Structure formats: structure tokens, C-alpha cells
Amino acid sequence: IHAVDPRGATALHWAARDGGDQVVPFLLSRGARANVKDRHGWTPLMLSVQDYRSVAVRSLLKVEGLDIDATTIAEKRHCIMLASGDALG
């Protein structure tokens, strides 16, 4: 659950972006860390917001202690900017 790929992404990162609707809740129920950032500073919440993954977003927002103010490293984007479609500037 906590293993990372060469880009620093966990299974929760991938599920938040590309997984089926049941994968994010499953990983969270098994202890996946919702605030972990990949090497570019992206959290699973950021990925799910950017890709309009509503089930993943709702599941992640239920996590106690979720950092909704996290920003990416280079672009300094945060979830509100990504949700508004401002991901490209």
C-alpha cells in the first residue's frame, strides 16, 4: 500500500487518477496515506480533482487530517486551482 514508483507515486495516486470507483475507498480502508506527495508535489486529491474523479474526491475528502491546501512543487497549484480548470495556467 505504501510502496512508491520511480516518480514517487503510490497505489493511491494511481487509483485517484485512473482507478475504478471502488479502488480509492478500498486503499484508504487499508491504511493508504492520503497526504503523500509524489516527487512533483502532487497528492492523490490533486490528481482526482484534476481528472474529475468525483467518487475519489469524495472518498479522499472524508479522510481526517487531509491537507487540502497542499501545492505542487513547480507550479504551486492547489486543489481549488485544479478544480477550476486552471491547471495549465
# chains A, B, ... in the order shown; residues from 1 in each chain; ligands from 1
$ residues_around --residues "range 51-58 of chain A" --least-positions-apart "2" --cutoff "6 Å" --atoms "only C-alpha atoms" --output "count of residues only"
7
$ residues_around --residues "Ile80 in chain A" --least-positions-apart "5" --cutoff "9 Å" --atoms "only C-alpha atoms" --output "PDB file with N, CA, C and O atoms, in the first residue's frame"
ATOM      1  N   VAL A  49      -9.017  15.492  -8.373  1.00  0.00           N
ATOM      2  CA  VAL A  49      -9.704  16.742  -8.719  1.00  0.00           C
ATOM      3  C   VAL A  49      -9.415  17.113 -10.166  1.00  0.00           C
ATOM      4  O   VAL A  49     -10.325  17.459 -10.927  1.00  0.00           O
ATOM      5  N   ILE A  68      -5.859  19.854   2.316  1.00  0.00           N
ATOM      6  CA  ILE A  68      -6.473  20.390   1.100  1.00  0.00           C
ATOM      7  C   ILE A  68      -5.745  21.627   0.593  1.00  0.00           C
ATOM      8  O   ILE A  68      -6.039  22.131  -0.481  1.00  0.00           O
ATOM      9  N   ASP A  69      -4.779  22.106   1.365  1.00  0.00           N
ATOM     10  CA  ASP A  69      -4.019  23.289   0.963  1.00  0.00           C
ATOM     11  C   ASP A  69      -2.658  22.954   0.362  1.00  0.00           C
ATOM     12  O   ASP A  69      -1.871  23.855   0.092  1.00  0.00           O
ATOM     13  N   GLY A  85     -10.149  24.395 -13.278  1.00  0.00           N
ATOM     14  CA  GLY A  85      -9.632  24.233 -14.640  1.00  0.00           C
ATOM     15  C   GLY A  85      -8.410  25.074 -14.907  1.00  0.00           C
ATOM     16  O   GLY A  85      -7.979  25.221 -16.034  1.00  0.00           O
ATOM     17  N   ASP A  86      -7.791  25.595 -13.861  1.00  0.00           N
ATOM     18  CA  ASP A  86      -6.620  26.456 -14.007  1.00  0.00           C
ATOM     19  C   ASP A  86      -5.318  25.666 -13.932  1.00  0.00           C
ATOM     20  O   ASP A  86      -4.281  26.185 -13.609  1.00  0.00           O
TER      21      ASP A  86
END
$ select_by_dssp --residues "chain A" --states "helix (DSSP H, G or I)" --output "NGL selection string"
:A and (11-18 or 23-29 or 44-50 or 54-61 or 79-83)
$ closest_residue --among "A:Ala3, A:Leu27, A:Leu82, A:Ala15" --to "Ala70 in chain A" --atoms "only C-alpha atoms"
A:Leu82
$ residues_around --residues "Leu12 in chain A" --least-positions-apart "2" --cutoff "12 Å" --atoms "only C-alpha atoms" --output "PyMOL selection string"
chain A and resi 1-5+8-10+14-20+22-38+42-48+56-57+59-60
$ write_last_selection --atoms "N, CA and C atoms" --output "compact mmCIF listing (two decimals), in the first residue's frame"
# COMPACT_ATOMS: atom_id res chain seq x y z
N ILE A 1 0.83 -1.20 0.00
CA ILE A 1 0.00 0.00 0.00
C ILE A 1 0.87 1.26 0.00
N HIS A 2 2.00 1.23 0.69
CA HIS A 2 2.84 2.42 0.81
C HIS A 2 4.01 2.44 -0.17
N ALA A 3 4.13 1.43 -1.00
CA ALA A 3 5.24 1.40 -1.96
C ALA A 3 5.11 2.55 -2.95
N VAL A 4 6.24 3.05 -3.41
CA VAL A 4 6.24 4.15 -4.37
C VAL A 4 6.95 3.72 -5.65
N ASP A 5 6.51 4.28 -6.76
CA ASP A 5 7.16 4.01 -8.04
C ASP A 5 8.30 5.03 -8.23
N GLY A 8 7.61 8.54 -7.43
CA GLY A 8 7.17 8.83 -6.08
C GLY A 8 5.68 8.62 -5.85
N ALA A 9 5.00 8.06 -6.83
CA ALA A 9 3.56 7.84 -6.73
C ALA A 9 3.26 6.50 -6.05
N THR A 10 2.20 6.51 -5.26
CA THR A 10 1.74 5.30 -4.59
C THR A 10 0.54 4.72 -5.34
N TRP A 14 -2.25 6.48 -8.20
CA TRP A 14 -2.72 5.89 -9.46
C TRP A 14 -4.23 5.65 -9.43
N ALA A 15 -4.73 5.18 -8.30
CA ALA A 15 -6.17 4.93 -8.19
C ALA A 15 -6.96 6.23 -8.24
N ALA A 16 -6.44 7.27 -7.61
CA ALA A 16 -7.14 8.56 -7.60
C ALA A 16 -7.25 9.13 -9.01
N ARG A 17 -6.29 8.81 -9.84
CA ARG A 17 -6.29 9.33 -11.20
C ARG A 17 -6.96 8.40 -12.20
N ASP A 18 -6.71 7.12 -12.10
CA ASP A 18 -7.13 6.18 -13.14
C ASP A 18 -7.95 5.00 -12.65
N GLY A 19 -8.11 4.85 -11.36
CA GLY A 19 -8.73 3.64 -10.82
C GLY A 19 -10.25 3.63 -10.91
N GLY A 20 -10.81 2.47 -10.72
CA GLY A 20 -12.26 2.34 -10.65
C GLY A 20 -12.78 2.98 -9.38
N GLN A 22 -14.22 1.99 -6.84
CA GLN A 22 -14.08 1.28 -5.57
C GLN A 22 -12.64 1.18 -5.08
N VAL A 23 -11.68 1.55 -5.92
CA VAL A 23 -10.28 1.35 -5.57
C VAL A 23 -9.81 2.34 -4.50
N VAL A 24 -10.12 3.62 -4.65
CA VAL A 24 -9.68 4.61 -3.66
C VAL A 24 -10.26 4.31 -2.28
N PRO A 25 -11.57 4.09 -2.14
CA PRO A 25 -12.09 3.74 -0.82
C PRO A 25 -11.44 2.48 -0.24
N PHE A 26 -11.18 1.50 -1.09
CA PHE A 26 -10.54 0.26 -0.63
C PHE A 26 -9.14 0.55 -0.08
N LEU A 27 -8.34 1.29 -0.84
CA LEU A 27 -6.98 1.59 -0.40
C LEU A 27 -6.99 2.41 0.90
N LEU A 28 -7.90 3.36 1.00
CA LEU A 28 -8.00 4.16 2.22
C LEU A 28 -8.39 3.28 3.41
N SER A 29 -9.28 2.33 3.18
CA SER A 29 -9.70 1.45 4.28
C SER A 29 -8.56 0.54 4.74
N ARG A 30 -7.56 0.36 3.89
CA ARG A 30 -6.40 -0.48 4.22
C ARG A 30 -5.22 0.34 4.75
N GLY A 31 -5.44 1.65 4.94
CA GLY A 31 -4.40 2.47 5.55
C GLY A 31 -3.55 3.29 4.60
N ALA A 32 -3.94 3.40 3.35
CA ALA A 32 -3.16 4.22 2.42
C ALA A 32 -3.11 5.66 2.92
N ARG A 33 -1.97 6.30 2.77
CA ARG A 33 -1.78 7.67 3.25
C ARG A 33 -2.26 8.66 2.20
N ALA A 34 -3.25 9.46 2.57
CA ALA A 34 -3.87 10.39 1.63
C ALA A 34 -3.04 11.64 1.36
N ASN A 35 -2.16 12.01 2.26
CA ASN A 35 -1.38 13.25 2.10
C ASN A 35 -0.02 13.06 1.45
N VAL A 36 0.31 11.85 1.07
CA VAL A 36 1.62 11.61 0.48
C VAL A 36 1.72 12.32 -0.87
N LYS A 37 2.88 12.93 -1.12
CA LYS A 37 3.12 13.65 -2.37
C LYS A 37 4.09 12.86 -3.23
N ASP A 38 3.89 12.94 -4.55
CA ASP A 38 4.88 12.35 -5.47
C ASP A 38 6.05 13.34 -5.59
N TRP A 42 2.46 16.35 -6.10
CA TRP A 42 1.05 16.04 -6.32
C TRP A 42 0.55 15.03 -5.29
N THR A 43 -0.61 15.30 -4.72
CA THR A 43 -1.26 14.38 -3.80
C THR A 43 -2.35 13.62 -4.55
N PRO A 44 -2.83 12.52 -4.00
CA PRO A 44 -3.94 11.82 -4.64
C PRO A 44 -5.17 12.72 -4.83
N LEU A 45 -5.44 13.60 -3.87
CA LEU A 45 -6.58 14.50 -4.03
C LEU A 45 -6.41 15.41 -5.24
N MET A 46 -5.22 15.95 -5.43
CA MET A 46 -4.98 16.82 -6.58
C MET A 46 -5.24 16.08 -7.89
N LEU A 47 -4.76 14.85 -7.97
CA LEU A 47 -4.95 14.06 -9.19
C LEU A 47 -6.42 13.77 -9.44
N SER A 48 -7.15 13.43 -8.39
CA SER A 48 -8.56 13.11 -8.58
C SER A 48 -9.36 14.35 -8.94
N ALA A 56 -13.59 9.43 -6.12
CA ALA A 56 -12.29 9.50 -5.45
C ALA A 56 -12.19 10.78 -4.61
N VAL A 57 -12.64 11.90 -5.17
CA VAL A 57 -12.60 13.17 -4.42
C VAL A 57 -13.42 13.05 -3.14
N SER A 59 -14.28 10.41 -1.46
CA SER A 59 -13.64 9.47 -0.53
C SER A 59 -12.45 10.13 0.17
N LEU A 60 -11.64 10.84 -0.59
CA LEU A 60 -10.46 11.48 -0.02
C LEU A 60 -10.84 12.61 0.94
$ atom_distance --atom1 "CA of His40 in chain A" --atom2 "CA of Ile73 in chain A"
5.5 Å
$ decode --residues "range 19-33 of chain A" --atoms "N, CA, C and O atoms" --output "PDB file, in the first residue's frame"
ATOM      1  N   GLY A  19      -8.111   4.852 -11.359  1.00  0.00           N
ATOM      2  CA  GLY A  19      -8.734   3.640 -10.823  1.00  0.00           C
ATOM      3  C   GLY A  19     -10.247   3.633 -10.914  1.00  0.00           C
ATOM      4  O   GLY A  19     -10.882   4.656 -11.145  1.00  0.00           O
ATOM      5  N   GLY A  20     -10.813   2.466 -10.724  1.00  0.00           N
ATOM      6  CA  GLY A  20     -12.257   2.336 -10.648  1.00  0.00           C
ATOM      7  C   GLY A  20     -12.776   2.984  -9.379  1.00  0.00           C
ATOM      8  O   GLY A  20     -12.023   3.248  -8.442  1.00  0.00           O
ATOM      9  N   ASP A  21     -14.057   3.230  -9.335  1.00  0.00           N
ATOM     10  CA  ASP A  21     -14.661   3.946  -8.219  1.00  0.00           C
ATOM     11  C   ASP A  21     -14.470   3.270  -6.866  1.00  0.00           C
ATOM     12  O   ASP A  21     -14.537   3.933  -5.835  1.00  0.00           O
ATOM     13  N   GLN A  22     -14.217   1.987  -6.841  1.00  0.00           N
ATOM     14  CA  GLN A  22     -14.082   1.277  -5.570  1.00  0.00           C
ATOM     15  C   GLN A  22     -12.637   1.183  -5.085  1.00  0.00           C
ATOM     16  O   GLN A  22     -12.395   0.805  -3.942  1.00  0.00           O
ATOM     17  N   VAL A  23     -11.679   1.553  -5.922  1.00  0.00           N
ATOM     18  CA  VAL A  23     -10.276   1.352  -5.567  1.00  0.00           C
ATOM     19  C   VAL A  23      -9.808   2.342  -4.498  1.00  0.00           C
ATOM     20  O   VAL A  23      -9.159   1.949  -3.528  1.00  0.00           O
ATOM     21  N   VAL A  24     -10.123   3.618  -4.647  1.00  0.00           N
ATOM     22  CA  VAL A  24      -9.680   4.614  -3.661  1.00  0.00           C
ATOM     23  C   VAL A  24     -10.255   4.305  -2.275  1.00  0.00           C
ATOM     24  O   VAL A  24      -9.500   4.239  -1.308  1.00  0.00           O
ATOM     25  N   PRO A  25     -11.573   4.093  -2.144  1.00  0.00           N
ATOM     26  CA  PRO A  25     -12.086   3.744  -0.818  1.00  0.00           C
ATOM     27  C   PRO A  25     -11.440   2.480  -0.245  1.00  0.00           C
ATOM     28  O   PRO A  25     -11.159   2.409   0.958  1.00  0.00           O
ATOM     29  N   PHE A  26     -11.179   1.498  -1.094  1.00  0.00           N
ATOM     30  CA  PHE A  26     -10.537   0.264  -0.631  1.00  0.00           C
ATOM     31  C   PHE A  26      -9.145   0.551  -0.083  1.00  0.00           C
ATOM     32  O   PHE A  26      -8.791   0.104   1.009  1.00  0.00           O
ATOM     33  N   LEU A  27      -8.338   1.292  -0.840  1.00  0.00           N
ATOM     34  CA  LEU A  27      -6.976   1.591  -0.395  1.00  0.00           C
ATOM     35  C   LEU A  27      -6.985   2.408   0.896  1.00  0.00           C
ATOM     36  O   LEU A  27      -6.184   2.158   1.803  1.00  0.00           O
ATOM     37  N   LEU A  28      -7.898   3.364   0.997  1.00  0.00           N
ATOM     38  CA  LEU A  28      -7.996   4.158   2.225  1.00  0.00           C
ATOM     39  C   LEU A  28      -8.389   3.285   3.409  1.00  0.00           C
ATOM     40  O   LEU A  28      -7.865   3.463   4.507  1.00  0.00           O
ATOM     41  N   SER A  29      -9.281   2.334   3.178  1.00  0.00           N
ATOM     42  CA  SER A  29      -9.698   1.450   4.275  1.00  0.00           C
ATOM     43  C   SER A  29      -8.563   0.542   4.738  1.00  0.00           C
ATOM     44  O   SER A  29      -8.588   0.024   5.851  1.00  0.00           O
ATOM     45  N   ARG A  30      -7.562   0.359   3.892  1.00  0.00           N
ATOM     46  CA  ARG A  30      -6.402  -0.481   4.220  1.00  0.00           C
ATOM     47  C   ARG A  30      -5.224   0.341   4.746  1.00  0.00           C
ATOM     48  O   ARG A  30      -4.136  -0.174   4.928  1.00  0.00           O
ATOM     49  N   GLY A  31      -5.438   1.647   4.942  1.00  0.00           N
ATOM     50  CA  GLY A  31      -4.402   2.474   5.551  1.00  0.00           C
ATOM     51  C   GLY A  31      -3.545   3.287   4.602  1.00  0.00           C
ATOM     52  O   GLY A  31      -2.507   3.823   5.020  1.00  0.00           O
ATOM     53  N   ALA A  32      -3.941   3.401   3.347  1.00  0.00           N
ATOM     54  CA  ALA A  32      -3.162   4.222   2.416  1.00  0.00           C
ATOM     55  C   ALA A  32      -3.114   5.662   2.921  1.00  0.00           C
ATOM     56  O   ALA A  32      -4.101   6.175   3.447  1.00  0.00           O
ATOM     57  N   ARG A  33      -1.972   6.297   2.766  1.00  0.00           N
ATOM     58  CA  ARG A  33      -1.778   7.666   3.247  1.00  0.00           C
ATOM     59  C   ARG A  33      -2.259   8.661   2.196  1.00  0.00           C
ATOM     60  O   ARG A  33      -1.713   8.728   1.096  1.00  0.00           O
TER      61      ARG A  33
END
